[in-house]
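Data file: entry.csv. Format and content: CSV, C-alpha atoms.
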chain,number,residue,atom,x,y,z
E,1,MET,CA,0.0,0.0,0.0
E,2,PRO,CA,2.3,2.8,-1.2
E,3,SER,CA,1.5,6.2,0.2
E,4,ASN,CA,3.1,9.4,1.4
E,5,TYR,CA,2.4,8.4,5.0
E,6,VAL,CA,4.0,6.3,7.7
E,7,PHE,CA,1.9,3.8,9.6
E,8,GLU,CA,3.0,2.3,12.9
E,9,ILE,CA,0.9,-0.4,14.5
E,10,CYS,CA,0.7,-0.7,18.3
E,11,ALA,CA,0.9,-4.5,18.6
E,12,ASN,CA,0.0,-6.4,21.7
E,13,SER,CA,1.4,-9.8,20.5
E,14,VAL,CA,3.5,-11.6,17.9
E,15,GLU,CA,0.2,-12.4,16.1
E,16,SER,CA,-0.6,-8.7,15.9
E,17,CYS,CA,2.9,-8.0,14.6
E,18,VAL,CA,2.4,-10.5,11.8
E,19,ALA,CA,-1.0,-9.0,10.9
E,20,ALA,CA,0.7,-5.6,10.7
E,21,GLN,CA,3.4,-6.9,8.4
E,22,ASN,CA,0.9,-8.7,6.2
E,23,ALA,CA,-1.2,-5.5,5.9
E,24,GLY,CA,1.8,-3.5,4.7
E,25,ALA,CA,2.5,-1.4,7.9
E,26,ASP,CA,5.8,0.4,8.0
E,27,ARG,CA,6.5,-0.3,11.7
E,28,VAL,CA,5.2,-2.0,14.8
E,29,GLU,CA,5.6,-1.0,18.4
E,30,LEU,CA,5.5,-4.2,20.4
E,31,CYS,CA,4.0,-3.8,23.8
E,32,ALA,CA,2.5,-5.8,26.7
E,33,ALA,CA,-0.3,-4.5,29.0
E,34,LEU,CA,-1.9,-2.1,26.6
E,35,GLY,CA,-4.5,-1.4,29.3
E,36,GLU,CA,-1.8,0.3,31.3
E,37,GLY,CA,-0.5,2.3,28.3
E,38,GLY,CA,2.0,-0.4,27.3
E,39,THR,CA,4.9,-2.1,29.1
E,40,THR,CA,8.0,-3.9,28.0
E,41,PRO,CA,7.1,-7.3,26.5
E,42,SER,CA,8.8,-10.6,27.4
E,43,TYR,CA,12.1,-11.8,26.0
E,44,GLY,CA,10.3,-14.6,24.2
E,45,GLU,CA,7.8,-12.2,22.6
E,46,ILE,CA,10.5,-9.9,21.4
E,47,ARG,CA,12.7,-12.7,20.0
E,48,GLN,CA,9.8,-14.4,18.2
E,49,ALA,CA,8.6,-11.1,16.7
E,50,ARG,CA,12.2,-10.4,15.5
E,51,GLU,CA,12.4,-13.8,13.8
E,52,LEU,CA,9.1,-13.2,11.9
E,53,MET,CA,9.4,-9.5,11.0
E,54,ARG,CA,11.2,-9.2,7.7
E,55,GLU,CA,9.5,-6.4,5.8
E,56,THR,CA,8.1,-4.3,8.7
E,57,LYS,CA,10.4,-2.5,11.2
E,58,LEU,CA,10.2,-3.8,14.8
E,59,HIS,CA,10.2,-1.3,17.6
E,60,VAL,CA,9.8,-2.3,21.3
E,61,ILE,CA,8.5,-0.2,24.2
E,62,ILE,CA,10.8,0.2,27.1
E,63,ARG,CA,8.6,0.8,30.1
E,64,PRO,CA,9.0,-1.3,33.3
E,65,ARG,CA,5.5,-0.6,34.7
E,66,GLY,CA,2.3,1.4,34.2
E,67,GLY,CA,1.7,4.7,36.1
E,68,ASN,CA,3.8,7.8,36.0
E,69,PHE,CA,7.1,8.3,34.0
E,70,ILE,CA,9.4,9.2,36.9
E,71,TYR,CA,11.7,6.3,37.3
E,72,THR,CA,13.8,5.1,40.2
E,73,PRO,CA,17.5,4.0,39.9
E,74,LEU,CA,16.4,0.4,40.0
E,75,GLU,CA,13.8,0.9,37.2
E,76,MET,CA,16.4,2.7,35.1
E,77,GLU,CA,18.7,-0.3,35.5
E,78,ARG,CA,16.0,-2.5,34.1
E,79,MET,CA,15.3,-0.2,31.2
E,80,ILE,CA,19.0,-0.1,30.3
E,81,ASN,CA,19.1,-3.9,30.4
E,82,ASP,CA,16.0,-4.2,28.3
E,83,ILE,CA,17.4,-1.8,25.6
E,84,LYS,CA,20.6,-3.9,25.6
E,85,LEU,CA,18.6,-7.0,25.1
E,86,CYS,CA,16.6,-5.5,22.2
E,87,LYS,CA,19.9,-4.4,20.6
E,88,SER,CA,21.3,-7.9,20.9
E,89,LEU,CA,18.2,-9.4,19.2
E,90,GLY,CA,18.5,-7.0,16.3
E,91,VAL,CA,15.4,-4.9,17.1
E,92,ASP,CA,15.2,-1.8,14.8
E,93,GLY,CA,14.1,0.7,17.5
E,94,VAL,CA,13.0,1.4,21.0
E,95,VAL,CA,10.3,3.6,22.5
E,96,PHE,CA,10.7,5.3,25.9
E,97,GLY,CA,10.3,8.5,27.8
E,98,CYS,CA,11.2,9.8,31.2
E,99,LEU,CA,9.9,12.8,33.1
E,100,ASP,CA,11.6,14.6,36.0
E,101,ASP,CA,10.1,15.3,39.5
E,102,GLU,CA,8.7,18.6,38.1
E,103,GLY,CA,6.8,16.9,35.3
E,104,GLU,CA,9.1,18.0,32.6
E,105,VAL,CA,11.1,15.9,30.0
E,106,CYS,CA,14.1,14.7,32.0
E,107,MET,CA,17.4,15.4,30.2
E,108,GLU,CA,19.6,13.2,32.4
E,109,ARG,CA,17.6,10.0,32.4
E,110,ASN,CA,16.6,10.2,28.7
E,111,ALA,CA,20.2,11.0,27.7
E,112,ILE,CA,21.4,7.8,29.5
E,113,LEU,CA,18.9,5.6,27.7
E,114,ARG,CA,19.5,7.4,24.4
E,115,GLU,CA,23.2,6.6,24.7
E,116,VAL,CA,22.5,2.9,25.4
E,117,ALA,CA,20.2,2.8,22.4
E,118,GLU,CA,22.8,4.4,20.0
E,119,GLY,CA,22.5,2.9,16.6
E,120,MET,CA,18.8,2.1,17.0
E,121,SER,CA,15.8,4.3,16.1
E,122,THR,CA,14.3,6.1,19.1
E,123,THR,CA,10.8,7.3,19.7
E,124,PHE,CA,9.8,9.5,22.7
E,125,HIS,CA,6.4,8.1,23.7
E,126,ARG,CA,3.3,9.6,25.2
E,127,ALA,CA,5.0,10.5,28.5
E,128,PHE,CA,5.2,13.8,26.5
E,129,ASP,CA,1.4,14.1,26.9
E,130,ARG,CA,1.9,14.3,30.7
E,131,CYS,CA,4.6,16.9,30.6
E,132,ASN,CA,3.7,20.4,31.8
E,133,ASN,CA,5.3,22.5,29.1
E,134,ALA,CA,4.7,21.2,25.6
E,135,ASP,CA,7.0,23.6,23.7
E,136,GLU,CA,9.9,23.2,26.2
E,137,GLY,CA,9.4,19.4,26.2
E,138,LEU,CA,9.5,19.3,22.4
E,139,GLU,CA,12.8,21.3,22.3
E,140,ARG,CA,14.3,19.0,24.9
E,141,ILE,CA,13.3,15.9,23.0
E,142,ILE,CA,14.9,17.3,19.8
E,143,LYS,CA,18.0,18.2,21.7
E,144,LEU,CA,18.3,14.7,23.1
E,145,GLY,CA,18.3,13.4,19.5
E,146,PHE,CA,15.1,11.3,19.3
E,147,ASP,CA,13.9,10.4,15.8
E,148,ARG,CA,10.2,11.0,16.5
E,149,LEU,CA,7.7,12.0,19.1
E,150,LEU,CA,4.5,10.0,19.6
E,151,THR,CA,1.7,12.2,21.0
E,152,SER,CA,-2.0,12.7,21.2
E,153,GLY,CA,-1.5,16.4,21.4
E,154,GLN,CA,-1.7,16.2,25.2
E,155,GLN,CA,-5.4,15.2,25.0
E,156,PRO,CA,-7.1,11.8,25.6
E,157,THR,CA,-7.2,11.2,21.8
E,158,ALA,CA,-5.4,12.5,18.8
E,159,GLU,CA,-8.7,13.8,17.4
E,160,GLU,CA,-9.2,16.0,20.4
E,161,GLY,CA,-5.5,17.0,20.3
E,162,ILE,CA,-5.6,18.2,16.7
E,163,PRO,CA,-4.8,21.9,17.6
E,164,MET,CA,-1.7,20.9,19.6
E,165,LEU,CA,-0.6,18.3,17.0
E,166,LYS,CA,-0.7,21.1,14.3
E,167,HIS,CA,1.2,23.4,16.6
E,168,LEU,CA,3.9,20.8,17.4
E,169,SER,CA,4.3,19.9,13.7
E,170,GLU,CA,4.8,23.5,12.8
E,171,LYS,CA,7.1,24.1,15.7
E,172,ALA,CA,9.2,21.0,14.9
E,173,ASN,CA,9.6,22.2,11.3
E,174,GLY,CA,11.1,19.0,10.2
E,175,ARG,CA,13.6,18.7,13.1
E,176,ILE,CA,11.8,15.6,14.4
E,177,ALA,CA,8.9,13.5,13.1
E,178,ILE,CA,5.6,14.1,14.9
E,179,MET,CA,3.5,10.9,15.0
E,180,ALA,CA,-0.1,11.1,16.1
E,181,GLY,CA,-1.5,8.3,18.3
E,182,SER,CA,-4.5,7.4,20.5
E,183,GLY,CA,-7.9,6.6,19.2
E,184,ILE,CA,-7.0,6.8,15.5
E,185,ASN,CA,-9.5,4.8,13.4
E,186,GLU,CA,-11.3,4.6,10.0
E,187,SER,CA,-13.6,7.5,10.8
E,188,ASN,CA,-11.1,10.1,11.9
E,189,ILE,CA,-7.7,9.5,10.4
E,190,LEU,CA,-8.4,11.7,7.3
E,191,ARG,CA,-9.6,14.6,9.5
E,192,ILE,CA,-6.6,14.3,11.7
E,193,GLN,CA,-4.2,14.3,8.8
E,194,GLN,CA,-5.9,17.2,6.9
E,195,SER,CA,-6.4,19.4,10.0
E,196,ALA,CA,-3.0,18.8,11.8
E,197,GLY,CA,-0.8,18.3,8.8
E,198,ILE,CA,0.5,15.0,10.3
E,199,SER,CA,2.1,12.3,8.1
E,200,GLU,CA,2.9,9.6,10.7
E,201,PHE,CA,0.1,7.6,12.4
E,202,HIS,CA,0.1,5.1,15.3
E,203,PHE,CA,-2.9,2.9,16.0
E,204,SER,CA,-3.7,-0.6,17.1
E,205,ALA,CA,-6.5,-1.6,14.7
E,206,ARG,CA,-7.7,-4.3,17.2
E,207,GLU,CA,-10.8,-6.5,17.1
E,208,ASN,CA,-12.3,-8.9,19.5
E,209,ILE,CA,-11.1,-12.4,18.8
E,210,TYR,CA,-12.6,-15.8,19.9
E,211,GLY,CA,-15.9,-14.4,21.0
E,212,TYR,CA,-17.5,-15.5,24.3
E,213,GLU,CA,-18.0,-11.9,25.3
E,214,ASP,CA,-20.3,-13.0,28.2
E,215,SER,CA,-17.4,-14.9,29.7
E,216,GLU,CA,-15.0,-13.3,32.2
E,217,PHE,CA,-12.0,-14.5,30.3
E,218,GLY,CA,-13.3,-15.3,26.9
E,219,CYS,CA,-12.7,-12.1,24.9
E,220,GLN,CA,-9.3,-11.3,23.5
E,221,THR,CA,-8.3,-8.3,21.4
E,222,GLN,CA,-5.8,-8.5,18.5
E,223,THR,CA,-4.7,-6.4,15.6
E,224,THR,CA,-6.2,-7.6,12.3
E,225,GLU,CA,-5.2,-7.1,8.7
E,226,ARG,CA,-8.7,-6.1,7.8
E,227,ARG,CA,-8.8,-3.1,10.2
E,228,ILE,CA,-5.3,-2.0,9.3
E,229,ARG,CA,-6.2,-2.0,5.6
E,230,GLU,CA,-9.5,-0.1,6.3
E,231,ILE,CA,-7.8,2.6,8.3
E,232,ILE,CA,-5.0,3.1,5.8
E,233,GLY,CA,-7.5,2.9,3.0
E,234,ALA,CA,-9.6,5.6,4.6
E,235,LEU,CA,-6.7,8.0,4.5
E,236,ASN,CA,-5.4,7.1,1.0
E,237,THR,CA,-8.9,7.2,-0.6
E,238,GLY,CA,-9.7,10.5,1.0
E,239,ASN,CA,-6.6,12.1,-0.4
E,240,SER,CA,-6.8,10.6,-3.8
Starting from the file, give its structure as structure tokens.
Amino acid sequence: MPSNYVFEICANSVESCVAAQNAGADRVELCAALGEGGTTPSYGEIRQARELMRETKLHVIIRPRGGNFIYTPLEMERMINDIKLCKSLGVDGVVFGCLDDEGEVCMERNAILREVAEGMSTTFHRAFDRCNNADEGLERIIKLGFDRLLTSGQQPTAEEGIPMLKHLSEKANGRIAIMAGSGINESNILRIQQSAGISEFHFSARENIYGYEDSEFGCQTQTTERRIREIIGALNTGNS
């Protein structure tokens, strides 16, 4: 599906990664615990995804837990080791973000992780949406050398964050890629692109799998090729 856009799939499993690759996505961000905003997946999950991903870039979130983005020394140690593990497995990129005690982008902690990740693509994730000063946060992230910023425009969804996404894209002025994420689907991706001027999109395209929705444990969500193609198609068709 050639286009002028970049599509990254937030994948909650190896199966979701494969669906993304089959549907022609540019990248996946492999995560566990999407209900908590994503945490670092297991070694086995990362390794198997790496073995199967040949056309689509594999990025892995580096986040030891849910909750805030202010990390202790022990948590930083784990994040460093997880980045080293990803590098040893040949993962294409890592996704992380640290804030300081004042709720701003932390130069020191992010610089440490960026150095460990040298040679890999790096994305600053939606910790940005919790920082107090968006403009200052953007400048810090650019200074740290991240390749892209994933953001919902500091709102619950990217659609609600369109004004900030537009502002960030204009302020970045090509110095870093701005990738819109959160709540992107078939019905709003075209509006987000046209209103915010964004060309990179992050979405999960998940559906309920295996039914049994009345059972406590029976409903599973997974990225599907069908939904990825529909979301990408909605943007490409709308701009054709």
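If you measure from each of E:Ile61, E:Met179, E:Leu168, E:Ile9 to Arg148 in chain E using only C-alpha atoms, the closest one turns out to be E:Met179.
Distances from E:Leu30, E:Ile70, E:Ile198, E:Ala180 to Arg50 in chain E were compared using all atoms listed in the file, and the smallest one belongs to E:Leu30.
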Exercise. Expressed in Å to a single decimal, how great is the separation between CA of Pro73 in chain E and CA of Leu138 in chain E?
Worked result: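 Distance between the two atoms: 24.6 Å.
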Exercise. Which value, in Å to one decimal, gives the distance between CA of Ser182 in chain E and CA of Thr151 in chain E?
Worked result: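 Taking CA of Ser182 in chain E and CA of Thr151 in chain E, their separation equals 7.9 Å.
Residues within 7 Å of Val60 in chain E, counting only C-alpha atoms and excluding same-chain residues fewer than 4 positions away, are Glu29, Leu30, Cys31, Gly93, Val94 and Val95 of chain E.
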Exercise. Which residue, E:Asn133, E:Ser152, E:Thr56, E:Asn236, has the smallest gap to Asn22 in chain E when you use all atoms listed in the file?
Worked result: E:Thr56
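With distances taken over all atoms listed in the file, E:Phe124 is the one residue among E:Phe124, E:Phe69, E:Tyr43, E:Phe7 lying closest to Ala111 in chain E.
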Exercise. What gap, in Å, lies between CA of Ala205 in chain E and CA of Thr157 in chain E?
Worked result: 14.7 Å
For this session: Could you give me, as JSON, numbers by chain, the residues within 12 Å of range 82-85 of chain E, counting all atoms listed in the file and dropping anything in the same chain fewer than 3 positions from it?
Result: {"E": [39, 40, 41, 42, 43, 44, 46, 47, 59, 60, 61, 62, 63, 64, 75, 76, 77, 78, 79, 88, 89, 90, 91, 92, 93, 94, 95, 96, 112, 113, 114, 115, 116, 117, 118, 119, 120, 121, 122]}
For this session: Rank E:Glu8, E:Glu55, E:Glu102, E:Glu108 by their smallest atom-to-atom distance to Lys143 in chain E, using all atoms listed in the file, and report the top residue only.
Result: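 With all atoms listed in the file as the atom set, the closest residue is E:Glu108.
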For this session: Between E:Pro156, E:Ala19, E:Cys131, E:Asn188, single out the one closest to Glu225 in chain E, counting only C-alpha atoms.
Result: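 Between E:Pro156, E:Ala19, E:Cys131, E:Asn188, the residue approaching Glu225 in chain E most closely is E:Ala19.
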Problem set entry | For Leu99 in chain E: contacts at 9 Å, all atoms listed in the file, fewer than 2 positions along chain excluded, given as a ChimeraX atom specification | /E:68-71,97,101-107,109-110,127-128,130-131
